[in-house]
Every structure is written in structure tokens, then in C-alpha cells.
Amino acid sequence: MGLKNKRLWILGWIFFVILFALAPKSGLKTTTYFFLMIKYICLCISFNLIAGYVGYISFGHVAFYGIGGYTTALLFSKAHLSSYPYLCILFGGVGGAIAGYLLGKVLFKLRGAYFAIATLALNEALKVIVFNIPEEFSGGTFGIPLPALRNPDMAYYLMLLVTSLSFLFILYLINSPFGITLKAIREDEDGAMAIGIDAPKYKIRAFVISTFLMGIAGAIDLQFIGYIYPEAAFFIETNVEVIAMTMLGGIGTLLGPVAGSTILFILSDFIWSKWPFSHLIMLGIVICMLVLFMPRGIFGLLDEKISSLRGKIK
């Protein structure tokens, strides 16, 4: 990607951030609405790094979102660090990254469907473990309420900042030698290893970055809600939504996670408001339609059909 294109990406993203910074004051929707939209954008950017640029679909990526949330909650409630909310949120990301490093060592011994199933099993196992930890430590089934730490406005702008920095970092990363190596692993892992690329090392590094972002998002979400419990922290439906959103926009493209999460979130919210509980059916239909007719998503299709855009939106 040329310098001119990078500048256009950055200018466009700055405009996008300004719109979201002003959105809660517009009166169009509540702060909660825009917070959830930004949160999904952040989650999709994180997921896309490992799924789109490394080629490993994680069905349990939300586990690291839960780990980040619980790490922060425990620091607040047990370590009594409520006076340092930003430090605790940072440690939420660190908790997700450490878990990503340790678990990635095992998970990346698997490929394809086996990797996807293993990550799904990991998420469900963590949920059961947290459910059964003594209540005096983790809150057990009832979770950890922290109403005194709830600060929706601060959490909203912090999530916007983290999402903005994540996008710009991924923009830099995918055009760096590291990002090019990840793409080589995605296209042909065995071939990449045959020419001397240490694929396990690069996969672990990408996974750590991805899980750090998931952990940060989970930690900030705790600050917005002021409460965490296992069912919400390790909610598999969140992972399904993230996969559907990323696929809709275009997995392995830079703008795909942003566009897909925004479009599907708005559509899902509309359907929920009109026909409650139908949004799960919609997600299933969207995934089926994408796999059958648009497997590369919106931006993948544009890249394929419009020659002037070819190679410029990845």
C-alpha cells in the first residue's frame, strides 16, 4: 500500500472517529447503542487479525473477552485497585494476552475444523470453571457486581479510543513484513515453513495481539455495565455475531470488520425491536447466504468485481 493510500485510510478513519465521538450528543440513539456498535467493531477487528490474516477461525474467541473482564473485575474487587481503573483495564488486556500465549501454544497444534472446535470447547470449559469457582472469589453463578465503578461516558470514549488505535495498528501491521508473513502462512502454511518461516512463532504473536484486544474490550465493557457474570462473559452468541459480522464485511480485508459489524448491528437491532428473538434466525440465514453467494463478503466482492479497487481495500 502506497503512502497516499495510507493517508487516505487515516483521514477516513479520523472522520469516522469524529462521527462516533459526536454521536451520543446527537440524540439519534442512546449512548448504550453506540457503545455496543463500537464494541462489536473492536471485537471484529481483533477476530479478523487471526481469522482473516492468519487463516484460523476461532469459534471461542470470546473466551479472551471474558478473561479480560474477569481479570479487571478481580483486580477491582479483590486487589482493591478501584482507584486505578485505567491500570486495571490495561491488565485486562494483559490477562487476555497471557491466556492467548499459553493456550495458543496448545491450540495451534491443530488446524482447520479441529482448531475451531477446540476454541469452542475452550470457551465452554472456561464458563463452567468460572461457574464452579467458590462464590467468595469469583462470584460464581451470580458474578461480580461493581456498581460504584460504572462510568458509561468514560467507558464509551475509552472504547472508541481503543478501537481507533486498533484499526490504525492493524493498518500498519498488515503492510509490514510481519503482516506479509502472516498472509503467506494463511495462503500456504506448509509452503511458508518450507522456505524457512517459523509459522508457529508468527501465529502465536498474532494470537497474542488479537487476544490482548479482546481482553481490553472485555475490561472496558465491565466499566460500562458495572457487572460481570459467566454467562455474559463467555457468551457464545457474541462469537457467532462477530463471525457473521466479519464475514459480511469481508474477512481478511481492512474495512470488512468495520462495515460488517456496523451493518449487521443496525439490522439486528431493528429486527430485535420489531420481532424479539428473531435475530438469531437472521444470523443463521446471513451466515448461510454468505457462504453460498458471497463467501468473501462485501469488500471481497468489490475487490473481485471492480478492477480499479483490486488490491486497494485489503
# chains A, B, ... in the order shown; residues from 1 in each chain; ligands from 1
call {"tool": "residues_around", "arguments": {"residues": "Ala184 in chain A", "least_positions_apart": "2", "cutoff": "12 Å", "atoms": "only C-alpha atoms", "output": "list in words"}}
result
Gly52, Tyr53, Val54, Gly55, Ile174, Pro177, Phe178, Gly179, Ile180, Thr181, Leu182, Arg186, Glu187, Asp188, Glu189, Asp190, Gly191, Ala192, Met193, Ala194, Ile195, Gly196, Ile197, Asp198, Ala199, Tyr202 and Lys203 of chain A
call {"tool": "write_last_selection", "arguments": {"atoms": "N, CA and C atoms", "output": "PDB file, in the first residue's frame"}}
result
ATOM      1  N   GLY A  52      -8.725 -13.625   9.513  1.00  0.00           N
ATOM      2  CA  GLY A  52      -8.569 -13.116   8.160  1.00  0.00           C
ATOM      3  C   GLY A  52      -7.154 -13.091   7.648  1.00  0.00           C
ATOM      4  N   TYR A  53      -6.182 -12.831   8.530  1.00  0.00           N
ATOM      5  CA  TYR A  53      -4.803 -12.673   8.079  1.00  0.00           C
ATOM      6  C   TYR A  53      -3.915 -13.865   8.416  1.00  0.00           C
ATOM      7  N   VAL A  54      -4.360 -14.718   9.327  1.00  0.00           N
ATOM      8  CA  VAL A  54      -3.611 -15.944   9.625  1.00  0.00           C
ATOM      9  C   VAL A  54      -4.357 -17.170   9.091  1.00  0.00           C
ATOM     10  N   GLY A  55      -5.684 -17.055   8.984  1.00  0.00           N
ATOM     11  CA  GLY A  55      -6.465 -18.135   8.401  1.00  0.00           C
ATOM     12  C   GLY A  55      -6.978 -19.158   9.389  1.00  0.00           C
ATOM     13  N   ILE A 174      -0.521  -4.999   8.844  1.00  0.00           N
ATOM     14  CA  ILE A 174      -0.737  -5.854   7.672  1.00  0.00           C
ATOM     15  C   ILE A 174       0.121  -5.438   6.486  1.00  0.00           C
ATOM     16  N   PRO A 177       6.436  -6.209   7.212  1.00  0.00           N
ATOM     17  CA  PRO A 177       6.939  -7.570   6.941  1.00  0.00           C
ATOM     18  C   PRO A 177       6.228  -8.632   7.778  1.00  0.00           C
ATOM     19  N   PHE A 178       5.864  -8.266   9.012  1.00  0.00           N
ATOM     20  CA  PHE A 178       5.145  -9.211   9.871  1.00  0.00           C
ATOM     21  C   PHE A 178       3.796  -9.582   9.255  1.00  0.00           C
ATOM     22  N   GLY A 179       3.053  -8.574   8.786  1.00  0.00           N
ATOM     23  CA  GLY A 179       1.750  -8.826   8.179  1.00  0.00           C
ATOM     24  C   GLY A 179       1.857  -9.626   6.896  1.00  0.00           C
ATOM     25  N   ILE A 180       2.868  -9.338   6.092  1.00  0.00           N
ATOM     26  CA  ILE A 180       3.068 -10.084   4.852  1.00  0.00           C
ATOM     27  C   ILE A 180       3.385 -11.547   5.153  1.00  0.00           C
ATOM     28  N   THR A 181       4.132 -11.770   6.224  1.00  0.00           N
ATOM     29  CA  THR A 181       4.437 -13.143   6.640  1.00  0.00           C
ATOM     30  C   THR A 181       3.175 -13.875   7.071  1.00  0.00           C
ATOM     31  N   LEU A 182       2.294 -13.171   7.805  1.00  0.00           N
ATOM     32  CA  LEU A 182       1.035 -13.781   8.224  1.00  0.00           C
ATOM     33  C   LEU A 182       0.209 -14.204   7.014  1.00  0.00           C
ATOM     34  N   ARG A 186      -1.192 -17.847   5.877  1.00  0.00           N
ATOM     35  CA  ARG A 186      -2.601 -18.080   5.554  1.00  0.00           C
ATOM     36  C   ARG A 186      -2.754 -18.793   4.212  1.00  0.00           C
ATOM     37  N   GLU A 187      -1.980 -18.373   3.228  1.00  0.00           N
ATOM     38  CA  GLU A 187      -2.124 -18.937   1.882  1.00  0.00           C
ATOM     39  C   GLU A 187      -1.584 -20.364   1.791  1.00  0.00           C
ATOM     40  N   ASP A 188      -0.458 -20.606   2.442  1.00  0.00           N
ATOM     41  CA  ASP A 188       0.141 -21.952   2.383  1.00  0.00           C
ATOM     42  C   ASP A 188       1.112 -22.098   3.551  1.00  0.00           C
ATOM     43  N   GLU A 189       0.608 -22.604   4.662  1.00  0.00           N
ATOM     44  CA  GLU A 189       1.439 -22.697   5.860  1.00  0.00           C
ATOM     45  C   GLU A 189       2.620 -23.635   5.665  1.00  0.00           C
ATOM     46  N   ASP A 190       2.362 -24.783   5.048  1.00  0.00           N
ATOM     47  CA  ASP A 190       3.458 -25.741   4.839  1.00  0.00           C
ATOM     48  C   ASP A 190       4.507 -25.164   3.898  1.00  0.00           C
ATOM     49  N   GLY A 191       4.046 -24.463   2.855  1.00  0.00           N
ATOM     50  CA  GLY A 191       4.979 -23.845   1.923  1.00  0.00           C
ATOM     51  C   GLY A 191       5.800 -22.753   2.592  1.00  0.00           C
ATOM     52  N   ALA A 192       5.151 -21.967   3.478  1.00  0.00           N
ATOM     53  CA  ALA A 192       5.862 -20.912   4.207  1.00  0.00           C
ATOM     54  C   ALA A 192       6.943 -21.505   5.102  1.00  0.00           C
ATOM     55  N   MET A 193       6.615 -22.608   5.756  1.00  0.00           N
ATOM     56  CA  MET A 193       7.601 -23.254   6.623  1.00  0.00           C
ATOM     57  C   MET A 193       8.738 -23.858   5.805  1.00  0.00           C
ATOM     58  N   ALA A 194       8.415 -24.299   4.588  1.00  0.00           N
ATOM     59  CA  ALA A 194       9.439 -24.913   3.738  1.00  0.00           C
ATOM     60  C   ALA A 194      10.505 -23.907   3.312  1.00  0.00           C
ATOM     61  N   ILE A 195      10.133 -22.606   3.253  1.00  0.00           N
ATOM     62  CA  ILE A 195      11.118 -21.599   2.865  1.00  0.00           C
ATOM     63  C   ILE A 195      11.750 -20.908   4.084  1.00  0.00           C
ATOM     64  N   GLY A 196      11.518 -21.483   5.269  1.00  0.00           N
ATOM     65  CA  GLY A 196      12.220 -21.015   6.458  1.00  0.00           C
ATOM     66  C   GLY A 196      11.433 -20.129   7.400  1.00  0.00           C
ATOM     67  N   ILE A 197      10.137 -19.914   7.147  1.00  0.00           N
ATOM     68  CA  ILE A 197       9.318 -19.086   8.038  1.00  0.00           C
ATOM     69  C   ILE A 197       8.924 -19.904   9.265  1.00  0.00           C
ATOM     70  N   ASP A 198       9.141 -19.339  10.425  1.00  0.00           N
ATOM     71  CA  ASP A 198       8.777 -20.001  11.685  1.00  0.00           C
ATOM     72  C   ASP A 198       7.291 -19.737  11.950  1.00  0.00           C
ATOM     73  N   ALA A 199       6.427 -20.531  11.300  1.00  0.00           N
ATOM     74  CA  ALA A 199       4.987 -20.300  11.360  1.00  0.00           C
ATOM     75  C   ALA A 199       4.420 -20.321  12.781  1.00  0.00           C
ATOM     76  N   TYR A 202       5.030 -16.918  14.521  1.00  0.00           N
ATOM     77  CA  TYR A 202       4.236 -15.813  13.998  1.00  0.00           C
ATOM     78  C   TYR A 202       2.754 -15.961  14.363  1.00  0.00           C
ATOM     79  N   LYS A 203       2.271 -17.185  14.355  1.00  0.00           N
ATOM     80  CA  LYS A 203       0.870 -17.413  14.729  1.00  0.00           C
ATOM     81  C   LYS A 203       0.629 -17.040  16.186  1.00  0.00           C
TER      82      LYS A 203
END
call {"tool": "residues_around", "arguments": {"residues": "range 235-244 of chain A", "least_positions_apart": "5", "cutoff": "8 Å", "atoms": "only C-alpha atoms", "output": "PyMOL selection string"}}
result
chain A and resi 40+43-44+47+59-62+123+230+260-261+283+286-287
call {"tool": "residues_around", "arguments": {"residues": "Val162 in chain A", "least_positions_apart": "3", "cutoff": "9 Å", "atoms": "only C-alpha atoms", "output": "ChimeraX atom specification"}}
result
/A:42,157-159,165-167,213,216-217
call {"tool": "write_last_selection", "arguments": {"atoms": "C-alpha atoms", "output": "PDB file, in the first residue's frame"}}
result
ATOM      1  CA  CYS A  42     -13.358  -3.698  18.127  1.00  0.00           C
ATOM      2  CA  TYR A 157     -14.820   7.186  24.795  1.00  0.00           C
ATOM      3  CA  LEU A 158     -12.238   4.705  26.036  1.00  0.00           C
ATOM      4  CA  MET A 159     -13.730   2.004  23.797  1.00  0.00           C
ATOM      5  CA  LEU A 165      -5.866   2.684  17.815  1.00  0.00           C
ATOM      6  CA  SER A 166      -6.584  -0.978  16.990  1.00  0.00           C
ATOM      7  CA  PHE A 167      -7.630  -0.079  13.444  1.00  0.00           C
ATOM      8  CA  LEU A 213      -7.555  -6.516  22.091  1.00  0.00           C
ATOM      9  CA  ILE A 216      -9.188  -4.838  26.658  1.00  0.00           C
ATOM     10  CA  ALA A 217     -12.711  -4.812  25.176  1.00  0.00           C
TER      11      ALA A 217
END
call {"tool": "residues_around", "arguments": {"residues": "Ile220 in chain A", "least_positions_apart": "6", "cutoff": "10 Å", "atoms": "only C-alpha atoms", "output": "number ranges by chain"}}
result
A: 39, 65, 68-69, 72, 85-86, 88-90, 92-93, 151-152, 154-159, 162, 226
call {"tool": "write_last_selection", "arguments": {"atoms": "N, CA and C atoms", "output": "JSON list (two decimals), in the first residue's frame"}}
result
[["chain", "number", "residue", "atom", "x", "y", "z"],
["A", 39, "LYS", "N", -18.11, -1.50, 20.30],
["A", 39, "LYS", "CA", -17.56, -2.72, 20.90],
["A", 39, "LYS", "C", -17.48, -3.84, 19.87],
["A", 65, "TYR", "N", -12.25, -12.29, 25.75],
["A", 65, "TYR", "CA", -13.05, -11.15, 26.17],
["A", 65, "TYR", "C", -13.50, -11.35, 27.62],
["A", 68, "GLY", "N", -10.47, -11.07, 30.04],
["A", 68, "GLY", "CA", -10.14, -9.67, 30.28],
["A", 68, "GLY", "C", -11.09, -9.02, 31.26],
["A", 69, "GLY", "N", -12.39, -9.30, 31.11],
["A", 69, "GLY", "CA", -13.38, -8.74, 32.02],
["A", 69, "GLY", "C", -13.21, -9.24, 33.44],
["A", 72, "THR", "N", -10.01, -7.81, 35.22],
["A", 72, "THR", "CA", -10.25, -6.45, 35.72],
["A", 72, "THR", "C", -11.18, -6.45, 36.93],
["A", 85, "PRO", "N", -8.49, 2.68, 37.72],
["A", 85, "PRO", "CA", -9.31, 1.97, 36.72],
["A", 85, "PRO", "C", -8.59, 1.73, 35.40],
["A", 86, "TYR", "N", -7.80, 2.71, 34.94],
["A", 86, "TYR", "CA", -7.11, 2.54, 33.65],
["A", 86, "TYR", "C", -6.05, 1.45, 33.73],
["A", 88, "CYS", "N", -6.17, -1.15, 35.72],
["A", 88, "CYS", "CA", -6.89, -2.43, 35.77],
["A", 88, "CYS", "C", -7.39, -2.83, 34.40],
["A", 89, "ILE", "N", -7.84, -1.87, 33.61],
["A", 89, "ILE", "CA", -8.30, -2.16, 32.25],
["A", 89, "ILE", "C", -7.12, -2.65, 31.40],
["A", 90, "LEU", "N", -5.97, -2.01, 31.57],
["A", 90, "LEU", "CA", -4.78, -2.46, 30.84],
["A", 90, "LEU", "C", -4.42, -3.89, 31.22],
["A", 92, "GLY", "N", -6.48, -6.08, 32.15],
["A", 92, "GLY", "CA", -7.46, -6.95, 31.50],
["A", 92, "GLY", "C", -6.96, -7.40, 30.13],
["A", 93, "GLY", "N", -6.38, -6.46, 29.37],
["A", 93, "GLY", "CA", -5.79, -6.82, 28.08],
["A", 93, "GLY", "C", -4.60, -7.73, 28.25],
["A", 151, "ASN", "N", -19.08, 3.75, 34.83],
["A", 151, "ASN", "CA", -18.88, 5.08, 34.27],
["A", 151, "ASN", "C", -19.09, 5.00, 32.76],
["A", 152, "PRO", "N", -20.36, 5.01, 32.31],
["A", 152, "PRO", "CA", -20.66, 4.79, 30.88],
["A", 152, "PRO", "C", -19.97, 5.76, 29.93],
["A", 154, "MET", "N", -17.17, 7.54, 30.34],
["A", 154, "MET", "CA", -15.74, 7.26, 30.26],
["A", 154, "MET", "C", -15.48, 5.99, 29.45],
["A", 155, "ALA", "N", -16.28, 4.95, 29.71],
["A", 155, "ALA", "CA", -16.12, 3.68, 29.01],
["A", 155, "ALA", "C", -16.37, 3.84, 27.51],
["A", 156, "TYR", "N", -17.35, 4.66, 27.15],
["A", 156, "TYR", "CA", -17.68, 4.86, 25.74],
["A", 156, "TYR", "C", -16.48, 5.44, 24.98],
["A", 157, "TYR", "N", -15.93, 6.53, 25.49],
["A", 157, "TYR", "CA", -14.82, 7.19, 24.80],
["A", 157, "TYR", "C", -13.53, 6.37, 24.88],
["A", 158, "LEU", "N", -13.40, 5.59, 25.94],
["A", 158, "LEU", "CA", -12.24, 4.70, 26.04],
["A", 158, "LEU", "C", -12.34, 3.58, 25.00],
["A", 159, "MET", "N", -13.54, 3.04, 24.82],
["A", 159, "MET", "CA", -13.73, 2.00, 23.80],
["A", 159, "MET", "C", -13.50, 2.58, 22.41],
["A", 162, "VAL", "N", -9.68, 2.88, 22.00],
["A", 162, "VAL", "CA", -9.05, 1.57, 21.80],
["A", 162, "VAL", "C", -9.35, 1.04, 20.40],
["A", 226, "GLY", "N", -20.78, -2.28, 34.80],
["A", 226, "GLY", "CA", -20.63, -2.33, 36.25],
["A", 226, "GLY", "C", -20.99, -3.68, 36.84]]
call {"tool": "atom_distance", "arguments": {"atom1": "CA of Leu161 in chain A", "atom2": "CA of Ser83 in chain A"}}
result
20.9 Å
call {"tool": "select_by_dssp", "arguments": {"residues": "range 79-274 of chain A", "states": "strand (DSSP E)", "output": "JSON, numbers by chain"}}
result
{"A": [144, 145, 227, 228]}
call {"tool": "atom_distance", "arguments": {"atom1": "CA of Leu102 in chain A", "atom2": "CA of Gly215 in chain A"}}
result
14.5 Å
call {"tool": "select_by_dssp", "arguments": {"residues": "range 49-140 of chain A", "states": "helix (DSSP H, G or I)", "output": "PyMOL selection string"}}
result
chain A and resi 49-52+62-77+85-107+112-132+135-138+140
call {"tool": "atom_distance", "arguments": {"atom1": "CA of Leu160 in chain A", "atom2": "CA of Lys25 in chain A"}}
result
14.7 Å
call {"tool": "decode", "arguments": {"residues": "range 149-193 of chain A", "atoms": "N, CA and C atoms", "output": "PDB file, in the first residue's frame"}}
result
ATOM      1  N   LEU A 149     -18.210   1.451  40.232  1.00  0.00           N
ATOM      2  CA  LEU A 149     -17.198   1.697  39.213  1.00  0.00           C
ATOM      3  C   LEU A 149     -17.802   1.966  37.843  1.00  0.00           C
ATOM      4  N   ARG A 150     -19.123   1.922  37.753  1.00  0.00           N
ATOM      5  CA  ARG A 150     -19.780   2.118  36.459  1.00  0.00           C
ATOM      6  C   ARG A 150     -19.631   3.567  36.019  1.00  0.00           C
ATOM      7  N   ASN A 151     -19.084   3.746  34.833  1.00  0.00           N
ATOM      8  CA  ASN A 151     -18.885   5.079  34.273  1.00  0.00           C
ATOM      9  C   ASN A 151     -19.090   5.000  32.759  1.00  0.00           C
ATOM     10  N   PRO A 152     -20.356   5.009  32.305  1.00  0.00           N
ATOM     11  CA  PRO A 152     -20.657   4.788  30.884  1.00  0.00           C
ATOM     12  C   PRO A 152     -19.974   5.765  29.935  1.00  0.00           C
ATOM     13  N   ASP A 153     -19.950   7.046  30.286  1.00  0.00           N
ATOM     14  CA  ASP A 153     -19.350   8.033  29.378  1.00  0.00           C
ATOM     15  C   ASP A 153     -17.854   7.788  29.211  1.00  0.00           C
ATOM     16  N   MET A 154     -17.165   7.541  30.336  1.00  0.00           N
ATOM     17  CA  MET A 154     -15.738   7.261  30.257  1.00  0.00           C
ATOM     18  C   MET A 154     -15.483   5.991  29.451  1.00  0.00           C
ATOM     19  N   ALA A 155     -16.284   4.954  29.714  1.00  0.00           N
ATOM     20  CA  ALA A 155     -16.117   3.685  29.010  1.00  0.00           C
ATOM     21  C   ALA A 155     -16.372   3.836  27.512  1.00  0.00           C
ATOM     22  N   TYR A 156     -17.351   4.658  27.153  1.00  0.00           N
ATOM     23  CA  TYR A 156     -17.676   4.863  25.740  1.00  0.00           C
ATOM     24  C   TYR A 156     -16.485   5.444  24.983  1.00  0.00           C
ATOM     25  N   TYR A 157     -15.926   6.530  25.494  1.00  0.00           N
ATOM     26  CA  TYR A 157     -14.820   7.186  24.795  1.00  0.00           C
ATOM     27  C   TYR A 157     -13.532   6.366  24.881  1.00  0.00           C
ATOM     28  N   LEU A 158     -13.396   5.591  25.940  1.00  0.00           N
ATOM     29  CA  LEU A 158     -12.238   4.705  26.036  1.00  0.00           C
ATOM     30  C   LEU A 158     -12.337   3.584  25.000  1.00  0.00           C
ATOM     31  N   MET A 159     -13.539   3.036  24.817  1.00  0.00           N
ATOM     32  CA  MET A 159     -13.730   2.004  23.797  1.00  0.00           C
ATOM     33  C   MET A 159     -13.497   2.581  22.405  1.00  0.00           C
ATOM     34  N   LEU A 160     -13.939   3.813  22.188  1.00  0.00           N
ATOM     35  CA  LEU A 160     -13.705   4.468  20.898  1.00  0.00           C
ATOM     36  C   LEU A 160     -12.211   4.654  20.653  1.00  0.00           C
ATOM     37  N   LEU A 161     -11.480   5.057  21.692  1.00  0.00           N
ATOM     38  CA  LEU A 161     -10.027   5.241  21.571  1.00  0.00           C
ATOM     39  C   LEU A 161      -9.334   3.924  21.261  1.00  0.00           C
ATOM     40  N   VAL A 162      -9.679   2.884  22.001  1.00  0.00           N
ATOM     41  CA  VAL A 162      -9.047   1.574  21.801  1.00  0.00           C
ATOM     42  C   VAL A 162      -9.353   1.042  20.400  1.00  0.00           C
ATOM     43  N   THR A 163     -10.599   1.182  19.965  1.00  0.00           N
ATOM     44  CA  THR A 163     -10.988   0.717  18.627  1.00  0.00           C
ATOM     45  C   THR A 163     -10.237   1.490  17.552  1.00  0.00           C
ATOM     46  N   SER A 164     -10.092   2.801  17.744  1.00  0.00           N
ATOM     47  CA  SER A 164      -9.381   3.644  16.775  1.00  0.00           C
ATOM     48  C   SER A 164      -7.916   3.237  16.664  1.00  0.00           C
ATOM     49  N   LEU A 165      -7.274   3.080  17.807  1.00  0.00           N
ATOM     50  CA  LEU A 165      -5.866   2.684  17.815  1.00  0.00           C
ATOM     51  C   LEU A 165      -5.684   1.275  17.250  1.00  0.00           C
ATOM     52  N   SER A 166      -6.655   0.394  17.513  1.00  0.00           N
ATOM     53  CA  SER A 166      -6.584  -0.978  16.990  1.00  0.00           C
ATOM     54  C   SER A 166      -6.621  -0.969  15.465  1.00  0.00           C
ATOM     55  N   PHE A 167      -7.523  -0.168  14.908  1.00  0.00           N
ATOM     56  CA  PHE A 167      -7.630  -0.079  13.444  1.00  0.00           C
ATOM     57  C   PHE A 167      -6.333   0.431  12.833  1.00  0.00           C
ATOM     58  N   LEU A 168      -5.789   1.505  13.395  1.00  0.00           N
ATOM     59  CA  LEU A 168      -4.565   2.090  12.855  1.00  0.00           C
ATOM     60  C   LEU A 168      -3.378   1.135  13.017  1.00  0.00           C
ATOM     61  N   PHE A 169      -3.356   0.414  14.135  1.00  0.00           N
ATOM     62  CA  PHE A 169      -2.281  -0.552  14.355  1.00  0.00           C
ATOM     63  C   PHE A 169      -2.362  -1.693  13.341  1.00  0.00           C
ATOM     64  N   ILE A 170      -3.574  -2.201  13.096  1.00  0.00           N
ATOM     65  CA  ILE A 170      -3.734  -3.278  12.115  1.00  0.00           C
ATOM     66  C   ILE A 170      -3.391  -2.781  10.715  1.00  0.00           C
ATOM     67  N   LEU A 171      -3.759  -1.521  10.409  1.00  0.00           N
ATOM     68  CA  LEU A 171      -3.394  -0.924   9.124  1.00  0.00           C
ATOM     69  C   LEU A 171      -1.880  -0.951   8.934  1.00  0.00           C
ATOM     70  N   TYR A 172      -1.163  -0.576   9.981  1.00  0.00           N
ATOM     71  CA  TYR A 172       0.304  -0.624   9.915  1.00  0.00           C
ATOM     72  C   TYR A 172       0.804  -2.065   9.843  1.00  0.00           C
ATOM     73  N   LEU A 173       0.223  -2.927  10.656  1.00  0.00           N
ATOM     74  CA  LEU A 173       0.719  -4.295  10.812  1.00  0.00           C
ATOM     75  C   LEU A 173       0.624  -5.096   9.524  1.00  0.00           C
ATOM     76  N   ILE A 174      -0.521  -4.999   8.844  1.00  0.00           N
ATOM     77  CA  ILE A 174      -0.737  -5.854   7.672  1.00  0.00           C
ATOM     78  C   ILE A 174       0.121  -5.438   6.486  1.00  0.00           C
ATOM     79  N   ASN A 175       0.660  -4.205   6.528  1.00  0.00           N
ATOM     80  CA  ASN A 175       1.536  -3.756   5.451  1.00  0.00           C
ATOM     81  C   ASN A 175       3.009  -3.836   5.834  1.00  0.00           C
ATOM     82  N   SER A 176       3.277  -4.362   7.031  1.00  0.00           N
ATOM     83  CA  SER A 176       4.649  -4.548   7.497  1.00  0.00           C
ATOM     84  C   SER A 176       5.138  -5.946   7.102  1.00  0.00           C
ATOM     85  N   PRO A 177       6.436  -6.209   7.212  1.00  0.00           N
ATOM     86  CA  PRO A 177       6.939  -7.570   6.941  1.00  0.00           C
ATOM     87  C   PRO A 177       6.228  -8.632   7.778  1.00  0.00           C
ATOM     88  N   PHE A 178       5.864  -8.266   9.012  1.00  0.00           N
ATOM     89  CA  PHE A 178       5.145  -9.211   9.871  1.00  0.00           C
ATOM     90  C   PHE A 178       3.796  -9.582   9.255  1.00  0.00           C
ATOM     91  N   GLY A 179       3.053  -8.574   8.786  1.00  0.00           N
ATOM     92  CA  GLY A 179       1.750  -8.826   8.179  1.00  0.00           C
ATOM     93  C   GLY A 179       1.857  -9.626   6.896  1.00  0.00           C
ATOM     94  N   ILE A 180       2.868  -9.338   6.092  1.00  0.00           N
ATOM     95  CA  ILE A 180       3.068 -10.084   4.852  1.00  0.00           C
ATOM     96  C   ILE A 180       3.385 -11.547   5.153  1.00  0.00           C
ATOM     97  N   THR A 181       4.132 -11.770   6.224  1.00  0.00           N
ATOM     98  CA  THR A 181       4.437 -13.143   6.640  1.00  0.00           C
ATOM     99  C   THR A 181       3.175 -13.875   7.071  1.00  0.00           C
ATOM    100  N   LEU A 182       2.294 -13.171   7.805  1.00  0.00           N
ATOM    101  CA  LEU A 182       1.035 -13.781   8.224  1.00  0.00           C
ATOM    102  C   LEU A 182       0.209 -14.204   7.014  1.00  0.00           C
ATOM    103  N   LYS A 183       0.169 -13.348   6.002  1.00  0.00           N
ATOM    104  CA  LYS A 183      -0.590 -13.680   4.784  1.00  0.00           C
ATOM    105  C   LYS A 183       0.009 -14.891   4.075  1.00  0.00           C
ATOM    106  N   ALA A 184       1.331 -14.991   4.098  1.00  0.00           N
ATOM    107  CA  ALA A 184       1.986 -16.153   3.486  1.00  0.00           C
ATOM    108  C   ALA A 184       1.597 -17.433   4.217  1.00  0.00           C
ATOM    109  N   ILE A 185       1.517 -17.358   5.543  1.00  0.00           N
ATOM    110  CA  ILE A 185       1.101 -18.514   6.341  1.00  0.00           C
ATOM    111  C   ILE A 185      -0.346 -18.870   6.029  1.00  0.00           C
ATOM    112  N   ARG A 186      -1.192 -17.847   5.877  1.00  0.00           N
ATOM    113  CA  ARG A 186      -2.601 -18.080   5.554  1.00  0.00           C
ATOM    114  C   ARG A 186      -2.754 -18.793   4.212  1.00  0.00           C
ATOM    115  N   GLU A 187      -1.980 -18.373   3.228  1.00  0.00           N
ATOM    116  CA  GLU A 187      -2.124 -18.937   1.882  1.00  0.00           C
ATOM    117  C   GLU A 187      -1.584 -20.364   1.791  1.00  0.00           C
ATOM    118  N   ASP A 188      -0.458 -20.606   2.442  1.00  0.00           N
ATOM    119  CA  ASP A 188       0.141 -21.952   2.383  1.00  0.00           C
ATOM    120  C   ASP A 188       1.112 -22.098   3.551  1.00  0.00           C
ATOM    121  N   GLU A 189       0.608 -22.604   4.662  1.00  0.00           N
ATOM    122  CA  GLU A 189       1.439 -22.697   5.860  1.00  0.00           C
ATOM    123  C   GLU A 189       2.620 -23.635   5.665  1.00  0.00           C
ATOM    124  N   ASP A 190       2.362 -24.783   5.048  1.00  0.00           N
ATOM    125  CA  ASP A 190       3.458 -25.741   4.839  1.00  0.00           C
ATOM    126  C   ASP A 190       4.507 -25.164   3.898  1.00  0.00           C
ATOM    127  N   GLY A 191       4.046 -24.463   2.855  1.00  0.00           N
ATOM    128  CA  GLY A 191       4.979 -23.845   1.923  1.00  0.00           C
ATOM    129  C   GLY A 191       5.800 -22.753   2.592  1.00  0.00           C
ATOM    130  N   ALA A 192       5.151 -21.967   3.478  1.00  0.00           N
ATOM    131  CA  ALA A 192       5.862 -20.912   4.207  1.00  0.00           C
ATOM    132  C   ALA A 192       6.943 -21.505   5.102  1.00  0.00           C
ATOM    133  N   MET A 193       6.615 -22.608   5.756  1.00  0.00           N
ATOM    134  CA  MET A 193       7.601 -23.254   6.623  1.00  0.00           C
ATOM    135  C   MET A 193       8.738 -23.858   5.805  1.00  0.00           C
TER     136      MET A 193
END
